[in-house]
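Source file: structure_12.pdb; contents: PDB, C-alpha atoms and all ligand atoms.
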```pdb
ATOM      1  CA  MET A  70     -80.623 -31.810 -93.079  1.00  0.00           C
ATOM      2  CA  ARG A  71     -79.721 -28.118 -92.912  1.00  0.00           C
ATOM      3  CA  ILE A  72     -82.309 -25.853 -91.398  1.00  0.00           C
ATOM      4  CA  ILE A  73     -82.543 -22.233 -90.341  1.00  0.00           C
ATOM      5  CA  LEU A  74     -84.920 -21.141 -87.602  1.00  0.00           C
ATOM      6  CA  ILE A  75     -86.209 -17.580 -87.859  1.00  0.00           C
ATOM      7  CA  GLY A  76     -88.485 -15.779 -85.465  1.00  0.00           C
ATOM      8  CA  PRO A  77     -88.608 -12.982 -82.930  1.00  0.00           C
ATOM      9  CA  PRO A  78     -86.931 -13.417 -79.541  1.00  0.00           C
ATOM     10  CA  GLY A  79     -89.132 -15.677 -77.449  1.00  0.00           C
ATOM     11  CA  ALA A  80     -90.648 -17.447 -80.463  1.00  0.00           C
ATOM     12  CA  GLY A  81     -89.434 -20.756 -79.056  1.00  0.00           C
ATOM     13  CA  LYS A  82     -86.519 -21.367 -81.416  1.00  0.00           C
ATOM     14  CA  GLY A  83     -84.374 -22.973 -78.723  1.00  0.00           C
ATOM     15  CA  THR A  84     -87.209 -25.121 -77.374  1.00  0.00           C
ATOM     16  CA  GLN A  85     -88.215 -26.395 -80.805  1.00  0.00           C
ATOM     17  CA  ALA A  86     -84.614 -26.964 -81.882  1.00  0.00           C
ATOM     18  CA  ALA A  87     -84.131 -29.212 -78.852  1.00  0.00           C
ATOM     19  CA  ALA A  88     -87.222 -31.210 -79.859  1.00  0.00           C
ATOM     20  CA  VAL A  89     -86.210 -31.584 -83.509  1.00  0.00           C
ATOM     21  CA  LYS A  90     -82.769 -32.713 -82.373  1.00  0.00           C
ATOM     22  CA  LEU A  91     -84.341 -35.702 -80.645  1.00  0.00           C
ATOM     23  CA  ARG A  92     -85.775 -36.869 -83.973  1.00  0.00           C
ATOM     24  CA  PHE A  93     -82.940 -36.002 -86.376  1.00  0.00           C
ATOM     25  CA  PRO A  94     -79.173 -36.243 -85.891  1.00  0.00           C
ATOM     26  CA  VAL A  95     -78.560 -32.531 -86.395  1.00  0.00           C
ATOM     27  CA  ASP A  96     -76.219 -30.157 -84.650  1.00  0.00           C
ATOM     28  CA  HIS A  97     -78.178 -27.417 -82.842  1.00  0.00           C
ATOM     29  CA  ILE A  98     -76.174 -24.211 -83.187  1.00  0.00           C
ATOM     30  CA  SER A  99     -77.448 -21.261 -81.151  1.00  0.00           C
ATOM     31  CA  THR A 100     -75.519 -18.039 -81.710  1.00  0.00           C
ATOM     32  CA  GLY A 101     -76.974 -16.609 -78.484  1.00  0.00           C
ATOM     33  CA  ASP A 102     -75.628 -19.594 -76.503  1.00  0.00           C
ATOM     34  CA  ILE A 103     -72.200 -19.396 -78.139  1.00  0.00           C
ATOM     35  CA  LEU A 104     -72.030 -15.664 -77.421  1.00  0.00           C
ATOM     36  CA  ARG A 105     -73.128 -16.089 -73.797  1.00  0.00           C
ATOM     37  CA  GLU A 106     -70.460 -18.794 -73.303  1.00  0.00           C
ATOM     38  CA  ASN A 107     -67.873 -16.370 -74.678  1.00  0.00           C
ATOM     39  CA  VAL A 108     -69.090 -13.622 -72.349  1.00  0.00           C
ATOM     40  CA  ARG A 109     -68.891 -15.998 -69.367  1.00  0.00           C
ATOM     41  CA  ALA A 110     -65.399 -17.136 -70.344  1.00  0.00           C
ATOM     42  CA  GLY A 111     -64.268 -13.524 -70.885  1.00  0.00           C
ATOM     43  CA  SER A 112     -62.893 -14.306 -74.375  1.00  0.00           C
ATOM     44  CA  PRO A 113     -62.002 -11.446 -76.771  1.00  0.00           C
ATOM     45  CA  LEU A 114     -65.250 -12.111 -78.674  1.00  0.00           C
ATOM     46  CA  GLY A 115     -67.236 -12.131 -75.436  1.00  0.00           C
ATOM     47  CA  LEU A 116     -65.733  -8.830 -74.335  1.00  0.00           C
ATOM     48  CA  LYS A 117     -66.660  -7.227 -77.648  1.00  0.00           C
ATOM     49  CA  ALA A 118     -70.166  -8.721 -77.752  1.00  0.00           C
ATOM     50  CA  LYS A 119     -71.343  -8.084 -74.199  1.00  0.00           C
ATOM     51  CA  GLU A 120     -72.430  -4.466 -74.418  1.00  0.00           C
ATOM     52  CA  PHE A 121     -74.386  -5.065 -77.640  1.00  0.00           C
ATOM     53  CA  MET A 122     -76.176  -8.022 -76.082  1.00  0.00           C
ATOM     54  CA  ASP A 123     -77.001  -6.274 -72.802  1.00  0.00           C
ATOM     55  CA  SER A 124     -78.609  -3.370 -74.648  1.00  0.00           C
ATOM     56  CA  GLY A 125     -80.597  -5.657 -76.977  1.00  0.00           C
ATOM     57  CA  SER A 126     -78.651  -4.610 -80.089  1.00  0.00           C
ATOM     58  CA  LEU A 127     -77.158  -6.954 -82.639  1.00  0.00           C
ATOM     59  CA  VAL A 128     -73.506  -7.908 -82.396  1.00  0.00           C
ATOM     60  CA  PRO A 129     -71.743  -6.594 -85.557  1.00  0.00           C
ATOM     61  CA  ASP A 130     -72.076  -8.833 -88.631  1.00  0.00           C
ATOM     62  CA  SER A 131     -68.319  -9.224 -89.100  1.00  0.00           C
ATOM     63  CA  LEU A 132     -67.873 -10.796 -85.626  1.00  0.00           C
ATOM     64  CA  ILE A 133     -70.866 -13.093 -86.044  1.00  0.00           C
ATOM     65  CA  ILE A 134     -69.916 -14.234 -89.541  1.00  0.00           C
ATOM     66  CA  GLU A 135     -66.370 -15.100 -88.444  1.00  0.00           C
ATOM     67  CA  MET A 136     -67.705 -16.967 -85.404  1.00  0.00           C
ATOM     68  CA  MET A 137     -70.126 -18.972 -87.577  1.00  0.00           C
ATOM     69  CA  ARG A 138     -67.514 -19.740 -90.223  1.00  0.00           C
ATOM     70  CA  GLU A 139     -65.463 -21.466 -87.516  1.00  0.00           C
ATOM     71  CA  ARG A 140     -68.448 -23.177 -85.935  1.00  0.00           C
ATOM     72  CA  LEU A 141     -69.903 -24.508 -89.208  1.00  0.00           C
ATOM     73  CA  ALA A 142     -66.543 -25.946 -90.209  1.00  0.00           C
ATOM     74  CA  LYS A 143     -66.826 -28.224 -87.142  1.00  0.00           C
ATOM     75  CA  CYS A 144     -70.326 -29.335 -87.998  1.00  0.00           C
ATOM     76  CA  PRO A 145     -70.865 -33.095 -88.463  1.00  0.00           C
ATOM     77  CA  ALA A 146     -72.215 -34.472 -91.740  1.00  0.00           C
ATOM     78  CA  GLY A 147     -75.721 -34.985 -90.301  1.00  0.00           C
ATOM     79  CA  GLY A 148     -76.324 -31.290 -90.798  1.00  0.00           C
ATOM     80  CA  PHE A 149     -77.395 -28.452 -88.561  1.00  0.00           C
ATOM     81  CA  MET A 150     -80.185 -26.365 -87.228  1.00  0.00           C
ATOM     82  CA  LEU A 151     -79.265 -22.709 -86.953  1.00  0.00           C
ATOM     83  CA  ASP A 152     -80.949 -20.854 -84.114  1.00  0.00           C
ATOM     84  CA  GLY A 153     -80.237 -17.113 -84.158  1.00  0.00           C
ATOM     85  CA  PHE A 154     -78.274 -16.981 -87.409  1.00  0.00           C
ATOM     86  CA  PRO A 155     -78.660 -15.428 -89.894  1.00  0.00           C
ATOM     87  CA  ARG A 156     -80.244 -12.380 -88.338  1.00  0.00           C
ATOM     88  CA  THR A 157     -79.553  -9.802 -91.034  1.00  0.00           C
ATOM     89  CA  VAL A 158     -79.581  -9.963 -94.821  1.00  0.00           C
ATOM     90  CA  ALA A 159     -75.782  -9.511 -94.813  1.00  0.00           C
ATOM     91  CA  GLN A 160     -75.473 -12.607 -92.600  1.00  0.00           C
ATOM     92  CA  ALA A 161     -77.806 -14.564 -94.906  1.00  0.00           C
ATOM     93  CA  GLU A 162     -75.642 -13.660 -97.895  1.00  0.00           C
ATOM     94  CA  ALA A 163     -72.515 -14.703 -95.995  1.00  0.00           C
ATOM     95  CA  LEU A 164     -74.184 -18.012 -95.103  1.00  0.00           C
ATOM     96  CA  ASP A 165     -75.018 -18.633 -98.764  1.00  0.00           C
ATOM     97  CA  GLU A 166     -71.355 -18.070 -99.614  1.00  0.00           C
ATOM     98  CA  LEU A 167     -70.232 -20.437 -96.857  1.00  0.00           C
ATOM     99  CA  MET A 168     -72.645 -23.117 -98.048  1.00  0.00           C
ATOM    100  CA  LYS A 169     -71.244 -22.776-101.572  1.00  0.00           C
ATOM    101  CA  GLU A 170     -67.678 -23.122-100.265  1.00  0.00           C
ATOM    102  CA  MET A 171     -68.727 -26.253 -98.379  1.00  0.00           C
ATOM    103  CA  SER A 172     -70.679 -27.597-101.408  1.00  0.00           C
ATOM    104  CA  VAL A 173     -73.882 -28.055 -99.402  1.00  0.00           C
ATOM    105  CA  SER A 174     -77.217 -26.233 -99.312  1.00  0.00           C
ATOM    106  CA  ILE A 175     -79.966 -25.129 -96.932  1.00  0.00           C
ATOM    107  CA  ASP A 176     -83.107 -27.301 -96.978  1.00  0.00           C
ATOM    108  CA  ALA A 177     -85.558 -24.970 -95.268  1.00  0.00           C
ATOM    109  CA  ALA A 178     -85.961 -21.710 -93.373  1.00  0.00           C
ATOM    110  CA  ILE A 179     -88.615 -22.155 -90.704  1.00  0.00           C
ATOM    111  CA  LEU A 180     -90.360 -18.998 -89.534  1.00  0.00           C
ATOM    112  CA  LEU A 181     -91.898 -19.243 -86.057  1.00  0.00           C
ATOM    113  CA  GLU A 182     -94.587 -16.557 -85.925  1.00  0.00           C
ATOM    114  CA  VAL A 183     -95.765 -14.944 -82.669  1.00  0.00           C
ATOM    115  CA  PRO A 184     -97.194 -11.488 -81.930  1.00  0.00           C
ATOM    116  CA  ASP A 185     -95.081  -8.949 -80.009  1.00  0.00           C
ATOM    117  CA  GLU A 186     -97.252  -8.941 -76.868  1.00  0.00           C
ATOM    118  CA  THR A 187     -96.838 -12.711 -76.507  1.00  0.00           C
ATOM    119  CA  VAL A 188     -93.079 -12.275 -76.781  1.00  0.00           C
ATOM    120  CA  VAL A 189     -93.022  -9.691 -73.996  1.00  0.00           C
ATOM    121  CA  GLU A 190     -95.141 -11.881 -71.722  1.00  0.00           C
ATOM    122  CA  ARG A 191     -93.001 -14.967 -72.392  1.00  0.00           C
ATOM    123  CA  LEU A 192     -89.631 -13.297 -71.966  1.00  0.00           C
ATOM    124  CA  CYS A 193     -90.434 -11.180 -68.901  1.00  0.00           C
ATOM    125  CA  GLY A 194     -91.296 -14.407 -67.086  1.00  0.00           C
ATOM    126  CA  ARG A 195     -88.585 -16.602 -68.585  1.00  0.00           C
ATOM    127  CA  ARG A 196     -85.981 -18.130 -66.259  1.00  0.00           C
ATOM    128  CA  VAL A 197     -83.085 -20.289 -67.450  1.00  0.00           C
ATOM    129  CA  CYS A 198     -80.932 -22.895 -65.694  1.00  0.00           C
ATOM    130  CA  SER A 199     -77.367 -21.713 -66.037  1.00  0.00           C
ATOM    131  CA  SER A 200     -76.050 -25.294 -65.729  1.00  0.00           C
ATOM    132  CA  CYS A 201     -78.174 -27.340 -68.128  1.00  0.00           C
ATOM    133  CA  GLY A 202     -80.079 -24.680 -70.076  1.00  0.00           C
ATOM    134  CA  GLU A 203     -83.567 -25.913 -69.113  1.00  0.00           C
ATOM    135  CA  ILE A 204     -86.116 -23.126 -69.620  1.00  0.00           C
ATOM    136  CA  PHE A 205     -88.800 -22.230 -67.051  1.00  0.00           C
ATOM    137  CA  HIS A 206     -91.486 -19.542 -66.804  1.00  0.00           C
ATOM    138  CA  VAL A 207     -92.625 -17.889 -63.564  1.00  0.00           C
ATOM    139  CA  THR A 208     -96.288 -18.653 -64.227  1.00  0.00           C
ATOM    140  CA  GLY A 209     -96.297 -21.059 -67.206  1.00  0.00           C
ATOM    141  CA  LYS A 210     -93.670 -23.532 -65.975  1.00  0.00           C
ATOM    142  CA  PRO A 211     -92.367 -22.616 -62.520  1.00  0.00           C
ATOM    143  CA  THR A 212     -89.536 -24.514 -60.829  1.00  0.00           C
ATOM    144  CA  GLU A 213     -90.555 -26.775 -57.931  1.00  0.00           C
ATOM    145  CA  ALA A 214     -88.130 -25.042 -55.564  1.00  0.00           C
ATOM    146  CA  ASP A 215     -87.437 -21.326 -55.904  1.00  0.00           C
ATOM    147  CA  GLY A 216     -84.414 -20.632 -58.135  1.00  0.00           C
ATOM    148  CA  VAL A 217     -83.404 -24.306 -58.375  1.00  0.00           C
ATOM    149  CA  CYS A 218     -83.526 -26.337 -61.597  1.00  0.00           C
ATOM    150  CA  ASP A 219     -85.927 -29.309 -61.501  1.00  0.00           C
ATOM    151  CA  VAL A 220     -83.654 -31.235 -63.866  1.00  0.00           C
ATOM    152  CA  CYS A 221     -80.129 -30.739 -62.504  1.00  0.00           C
ATOM    153  CA  ARG A 222     -80.550 -28.697 -59.270  1.00  0.00           C
ATOM    154  CA  GLY A 223     -78.435 -25.929 -60.856  1.00  0.00           C
ATOM    155  CA  PRO A 224     -79.162 -22.210 -60.340  1.00  0.00           C
ATOM    156  CA  VAL A 225     -82.114 -20.831 -62.313  1.00  0.00           C
ATOM    157  CA  GLU A 226     -81.698 -17.205 -63.322  1.00  0.00           C
ATOM    158  CA  GLN A 227     -83.138 -14.413 -65.419  1.00  0.00           C
ATOM    159  CA  ARG A 228     -81.093 -13.503 -68.498  1.00  0.00           C
ATOM    160  CA  ASP A 229     -79.641  -9.971 -68.399  1.00  0.00           C
ATOM    161  CA  ASP A 230     -81.516  -9.099 -71.590  1.00  0.00           C
ATOM    162  CA  ASP A 231     -84.912 -10.460 -70.457  1.00  0.00           C
ATOM    163  CA  ARG A 232     -85.986  -7.153 -68.893  1.00  0.00           C
ATOM    164  CA  GLU A 233     -88.951  -5.369 -70.436  1.00  0.00           C
ATOM    165  CA  GLU A 234     -87.160  -2.349 -71.919  1.00  0.00           C
ATOM    166  CA  VAL A 235     -84.456  -4.579 -73.419  1.00  0.00           C
ATOM    167  CA  ILE A 236     -87.096  -7.009 -74.743  1.00  0.00           C
ATOM    168  CA  ARG A 237     -88.874  -4.120 -76.537  1.00  0.00           C
ATOM    169  CA  ARG A 238     -85.555  -3.050 -78.038  1.00  0.00           C
ATOM    170  CA  ARG A 239     -84.830  -6.637 -79.218  1.00  0.00           C
ATOM    171  CA  LEU A 240     -88.270  -6.725 -80.835  1.00  0.00           C
ATOM    172  CA  SER A 241     -87.740  -3.483 -82.704  1.00  0.00           C
ATOM    173  CA  VAL A 242     -84.329  -4.739 -83.885  1.00  0.00           C
ATOM    174  CA  TYR A 243     -86.052  -7.938 -85.036  1.00  0.00           C
ATOM    175  CA  HIS A 244     -88.635  -6.049 -87.093  1.00  0.00           C
ATOM    176  CA  LYS A 245     -86.059  -3.748 -88.615  1.00  0.00           C
ATOM    177  CA  ASP A 246     -83.048  -6.030 -89.263  1.00  0.00           C
ATOM    178  CA  THR A 247     -84.259  -9.636 -89.166  1.00  0.00           C
ATOM    179  CA  ALA A 248     -87.768  -9.525 -90.665  1.00  0.00           C
ATOM    180  CA  PRO A 249     -86.327  -8.735 -94.141  1.00  0.00           C
ATOM    181  CA  LEU A 250     -85.035 -12.325 -94.102  1.00  0.00           C
ATOM    182  CA  ILE A 251     -88.622 -13.498 -94.512  1.00  0.00           C
ATOM    183  CA  GLU A 252     -88.721 -12.047 -98.014  1.00  0.00           C
ATOM    184  CA  TYR A 253     -85.164 -13.222 -98.668  1.00  0.00           C
ATOM    185  CA  TYR A 254     -86.071 -16.866 -98.009  1.00  0.00           C
ATOM    186  CA  GLU A 255     -89.504 -16.561 -99.586  1.00  0.00           C
ATOM    187  CA  LYS A 256     -87.804 -15.583-102.838  1.00  0.00           C
ATOM    188  CA  SER A 257     -85.526 -18.613-102.725  1.00  0.00           C
ATOM    189  CA  GLY A 258     -88.525 -20.879-102.009  1.00  0.00           C
ATOM    190  CA  LEU A 259     -87.108 -22.080 -98.676  1.00  0.00           C
ATOM    191  CA  LEU A 260     -89.501 -20.338 -96.292  1.00  0.00           C
ATOM    192  CA  ARG A 261     -92.017 -22.319 -94.226  1.00  0.00           C
ATOM    193  CA  ARG A 262     -94.317 -20.500 -91.807  1.00  0.00           C
ATOM    194  CA  ILE A 263     -95.260 -22.116 -88.519  1.00  0.00           C
ATOM    195  CA  ASP A 264     -97.765 -20.652 -86.074  1.00  0.00           C
ATOM    196  CA  ALA A 265     -95.809 -20.503 -82.805  1.00  0.00           C
ATOM    197  CA  ILE A 266     -98.370 -18.874 -80.521  1.00  0.00           C
ATOM    198  CA  ASP A 267     -99.612 -22.165 -79.037  1.00  0.00           C
ATOM    199  CA  LYS A 268     -97.978 -24.272 -76.322  1.00  0.00           C
ATOM    200  CA  PRO A 269     -94.575 -25.851 -77.160  1.00  0.00           C
ATOM    201  CA  GLY A 270     -96.138 -29.322 -77.576  1.00  0.00           C
ATOM    202  CA  ALA A 271     -98.582 -28.013 -80.189  1.00  0.00           C
ATOM    203  CA  VAL A 272     -95.895 -26.105 -82.090  1.00  0.00           C
ATOM    204  CA  LYS A 273     -93.810 -29.271 -82.068  1.00  0.00           C
ATOM    205  CA  SER A 274     -96.645 -31.163 -83.764  1.00  0.00           C
ATOM    206  CA  TYR A 275     -96.994 -28.430 -86.427  1.00  0.00           C
ATOM    207  CA  LEU A 276     -93.283 -28.876 -87.128  1.00  0.00           C
ATOM    208  CA  GLU A 277     -93.733 -32.640 -87.327  1.00  0.00           C
ATOM    209  CA  SER A 278     -96.541 -32.165 -89.851  1.00  0.00           C
ATOM    210  CA  ALA A 279     -94.131 -30.032 -91.851  1.00  0.00           C
ATOM    211  CA  GLY A 280     -91.761 -33.032 -91.913  1.00  0.00           C
ATOM    212  CA  LEU A 281     -89.443 -31.988 -89.070  1.00  0.00           C
TER     213      LEU A 281
HETATM  214  P1  LIG B 301     -83.169 -13.939 -78.582  1.00  0.00           P
HETATM  215  O1  LIG B 301     -83.394 -14.617 -79.893  1.00  0.00           O
HETATM  216  O2  LIG B 301     -84.098 -14.424 -77.518  1.00  0.00           O
HETATM  217  O3  LIG B 301     -83.084 -12.434 -78.651  1.00  0.00           O
HETATM  218  P2  LIG B 301     -80.452 -15.022 -78.480  1.00  0.00           P
HETATM  219  O4  LIG B 301     -80.029 -15.836 -77.334  1.00  0.00           O
HETATM  220  O5  LIG B 301     -80.619 -15.679 -79.800  1.00  0.00           O
HETATM  221  O6  LIG B 301     -81.786 -14.329 -77.993  1.00  0.00           O
HETATM  222  O7  LIG B 301     -79.476 -13.770 -78.684  1.00  0.00           O
HETATM  223  C1  LIG B 301     -79.131 -12.914 -77.628  1.00  0.00           C
HETATM  224  C2  LIG B 301     -78.325 -11.719 -78.166  1.00  0.00           C
HETATM  225  O8  LIG B 301     -77.136 -12.185 -78.817  1.00  0.00           O
HETATM  226  C3  LIG B 301     -79.022 -10.862 -79.218  1.00  0.00           C
HETATM  227  O9  LIG B 301     -79.861  -9.883 -78.651  1.00  0.00           O
HETATM  228  C4  LIG B 301     -77.825 -10.243 -79.943  1.00  0.00           C
HETATM  229  O10 LIG B 301     -77.244  -9.198 -79.218  1.00  0.00           O
HETATM  230  C5  LIG B 301     -76.815 -11.373 -79.958  1.00  0.00           C
HETATM  231  N1  LIG B 301     -76.905 -12.202 -81.185  1.00  0.00           N
HETATM  232  C6  LIG B 301     -77.283 -13.510 -81.259  1.00  0.00           C
HETATM  233  N2  LIG B 301     -77.250 -13.942 -82.531  1.00  0.00           N
HETATM  234  C7  LIG B 301     -76.837 -12.882 -83.290  1.00  0.00           C
HETATM  235  C8  LIG B 301     -76.620 -12.661 -84.681  1.00  0.00           C
HETATM  236  N3  LIG B 301     -76.803 -13.640 -85.587  1.00  0.00           N
HETATM  237  N4  LIG B 301     -76.228 -11.430 -85.093  1.00  0.00           N
HETATM  238  C9  LIG B 301     -76.026 -10.442 -84.226  1.00  0.00           C
HETATM  239  N5  LIG B 301     -76.225 -10.558 -82.897  1.00  0.00           N
HETATM  240  C10 LIG B 301     -76.625 -11.762 -82.425  1.00  0.00           C
HETATM  241 ZN    ZN B 302     -80.549 -27.440 -64.930  1.00  0.00          ZN
END
```

Spit out the file's structure as structure tokens when you get a sec.
Ligand code: ADP
Ligand code: ZN
Amino acid sequence: MRIILIGPPGAGKGTQAAAVKLRFPVDHISTGDILRENVRAGSPLGLKAKEFMDSGSLVPDSLIIEMMRERLAKCPAGGFMLDGFPRTVAQAEALDELMKEMSVSIDAAILLEVPDETVVERLCGRRVCSSCGEIFHVTGKPTEADGVCDVCRGPVEQRDDDREEVIRRRLSVYHKDTAPLIEYYEKSGLLRRIDAIDKPGAVKSYLESAGL
């Protein structure tokens, strides 16, 4: 199974990918996570990507496409779920080329739909465990102890780009550069729309009804 997740920041792509992964043997590939690991490790890619990420801009297509070419080559036969890629039409075209080279194809592009104001509310309050990746929310899902992960006791922090002005910038980049993918995948008949405004458990059941 080869799936693409599309949606604005804060749509719940990471959360839903983790849930689908429990039901299907797919590789969850998050470009944001790979980039943040590179930033943390201080790799050449991380050094180049950091300033784009901190300002809420997209990392240049050429860097992302090269990174994904390498990552997809390591993907097991069970398939993948792409979270955060493609994010521009140029990336979608590059992915189509890569799929052709690998003699495989995409099964579906899932669009998680949420209004902008919900995104701002979710992301301003989002906190993430930097050890295990568990996601919390200051009001929706607070940690039991302040700043400590309920799951692994690791440090729970706010992402550098989860500040309101950066969130608004990420949203405008989404509408300008990523939303055109909706038409792109509609044309190829792969698009499936999922209402992602409800609680994660509800969205998960919509995905299950869609066969995921
Ligand atoms: P979100 O979807 O919540 O904005 P991600 O963790 O997916 O967050 O991405 C964080 C940042 O990483 C983005 O704002 C962008 O700078 C960069 N990034 C991630 N994926 C891509 C991509 N496919 N193309 C360009 N930049 C990307
Ligand atoms: Zn943790």

To one decimal place, how far is CA of Glu233 in chain A from CA of Cys193 in chain A in Å?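 Computed distance, CA of Glu233 in chain A to CA of Cys193 in chain A, equals 6.2 Å.
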
For the structure shown, which residues end up in the PyMOL selection byres (((chain A and resi 189-191) around 9) and not hetatm)? Put them as a PyMOL selection string, please? chain A and resi 79-80+185-188+192-195+206+209+231+233+236-237+240

Please expand the PyMOL selection byres (((not hetatm)) within 6 of (chain B and resi 301)) into the concrete residues it hits in this file, giving the result as a ChimeraX atom specification. /A:78-79,100-102,121-122,125-129,133,153-156,239

Please check which protein, DNA or RNA residues sit within 9 Å of ligand ZN 302 (chain B), counting all atoms listed in the file, and write them as a ChimeraX atom specification. /A:197-204,217-225

Grab the residues selected above and save them as a PDB file, keeping the file's coordinate frame with C-alpha atoms.
```
ATOM      1  CA  VAL A 197     -83.085 -20.289 -67.450  1.00  0.00           C
ATOM      2  CA  CYS A 198     -80.932 -22.895 -65.694  1.00  0.00           C
ATOM      3  CA  SER A 199     -77.367 -21.713 -66.037  1.00  0.00           C
ATOM      4  CA  SER A 200     -76.050 -25.294 -65.729  1.00  0.00           C
ATOM      5  CA  CYS A 201     -78.174 -27.340 -68.128  1.00  0.00           C
ATOM      6  CA  GLY A 202     -80.079 -24.680 -70.076  1.00  0.00           C
ATOM      7  CA  GLU A 203     -83.567 -25.913 -69.113  1.00  0.00           C
ATOM      8  CA  ILE A 204     -86.116 -23.126 -69.620  1.00  0.00           C
ATOM      9  CA  VAL A 217     -83.404 -24.306 -58.375  1.00  0.00           C
ATOM     10  CA  CYS A 218     -83.526 -26.337 -61.597  1.00  0.00           C
ATOM     11  CA  ASP A 219     -85.927 -29.309 -61.501  1.00  0.00           C
ATOM     12  CA  VAL A 220     -83.654 -31.235 -63.866  1.00  0.00           C
ATOM     13  CA  CYS A 221     -80.129 -30.739 -62.504  1.00  0.00           C
ATOM     14  CA  ARG A 222     -80.550 -28.697 -59.270  1.00  0.00           C
ATOM     15  CA  GLY A 223     -78.435 -25.929 -60.856  1.00  0.00           C
ATOM     16  CA  PRO A 224     -79.162 -22.210 -60.340  1.00  0.00           C
ATOM     17  CA  VAL A 225     -82.114 -20.831 -62.313  1.00  0.00           C
TER      18      VAL A 225
END
```

Applied to this file, what does the PyMOL selection byres (((chain A and resi 94) around 6) and not hetatm) return in terms of residues, put as an MDAnalysis selection string? chainID A and resid 93 95 147

Mind dumping a table of every range 72-174 of chain A residue within 8 Å of range 178-182 of chain A, with the nearest atom pair and its distance in Å to one decimal, using only C-alpha atoms, sorted by chain and rising number, as a tab-separated table?
```
residue	atom	partner	partner_atom	distance
A:Ile72	CA	A:Ala178	CA	5.9
A:Ile73	CA	A:Ala178	CA	4.6
A:Leu74	CA	A:Ile179	CA	4.9
A:Ile75	CA	A:Leu180	CA	4.7
A:Gly76	CA	A:Leu181	CA	4.9
A:Pro77	CA	A:Glu182	CA	7.6
A:Ala80	CA	A:Leu181	CA	6.0
A:Gly81	CA	A:Leu181	CA	7.6
A:Lys82	CA	A:Leu181	CA	7.4
```

Could you check how far CA of Asp123 in chain A sits from CA of Glu252 in chain A, in Å to one decimal?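 Pair CA of Asp123 in chain A / CA of Glu252 in chain A returns 28.4 Å.
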
To one decimal in Å, tell me the separation between CA of Lys169 in chain A and CA of Arg262 in chain A.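 Spanning CA of Lys169 in chain A to CA of Arg262 in chain A is a straight-line distance of 25.2 Å.
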
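Shortest atom-to-atom contact with Ala161 in chain A among A:Glu139, A:Asp246, A:Ala214, A:Asp229: A:Asp246, counting all atoms listed in the file.
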
Can you pull out the residues contacting Arg71 in chain A? Cut-off 10 Å, using only C-alpha atoms, and skip same-chain residues under 2 positions away; I want them as a PyMOL selection string. chain A and resi 73+95-96+146-151+173-178

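The closest residue to Asp230 in chain A, picked from A:Ser257, A:Val207, A:Arg196, A:Ala87 and counting all atoms listed in the file, is A:Arg196.
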
Pick from A:Lys256, A:Ser131, A:Leu104, A:Ala248, whichever lies nearest to Ala118 in chain A using only C-alpha atoms: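 Nearest candidate to Ala118 in chain A out of A:Lys256, A:Ser131, A:Leu104, A:Ala248: A:Leu104.
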
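Checking A:Leu250, A:Val89, A:Leu114, A:Glu226 one by one against Glu162 in chain A, counting all atoms listed in the file, you find the shortest gap at A:Leu250.
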
May I ask which of the residues A:Ala110, A:Met137, A:Ala142, A:Leu91 is the closest one to Glu277 in chain A, counting only C-alpha atoms? A:Leu91

Residue with smallest distance to Ala159 in chain A - pool A:Glu234, A:Tyr253, A:Asp215, A:Arg92, counting all atoms listed in the file: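 With all atoms listed in the file as the atom set, the closest residue is A:Tyr253.
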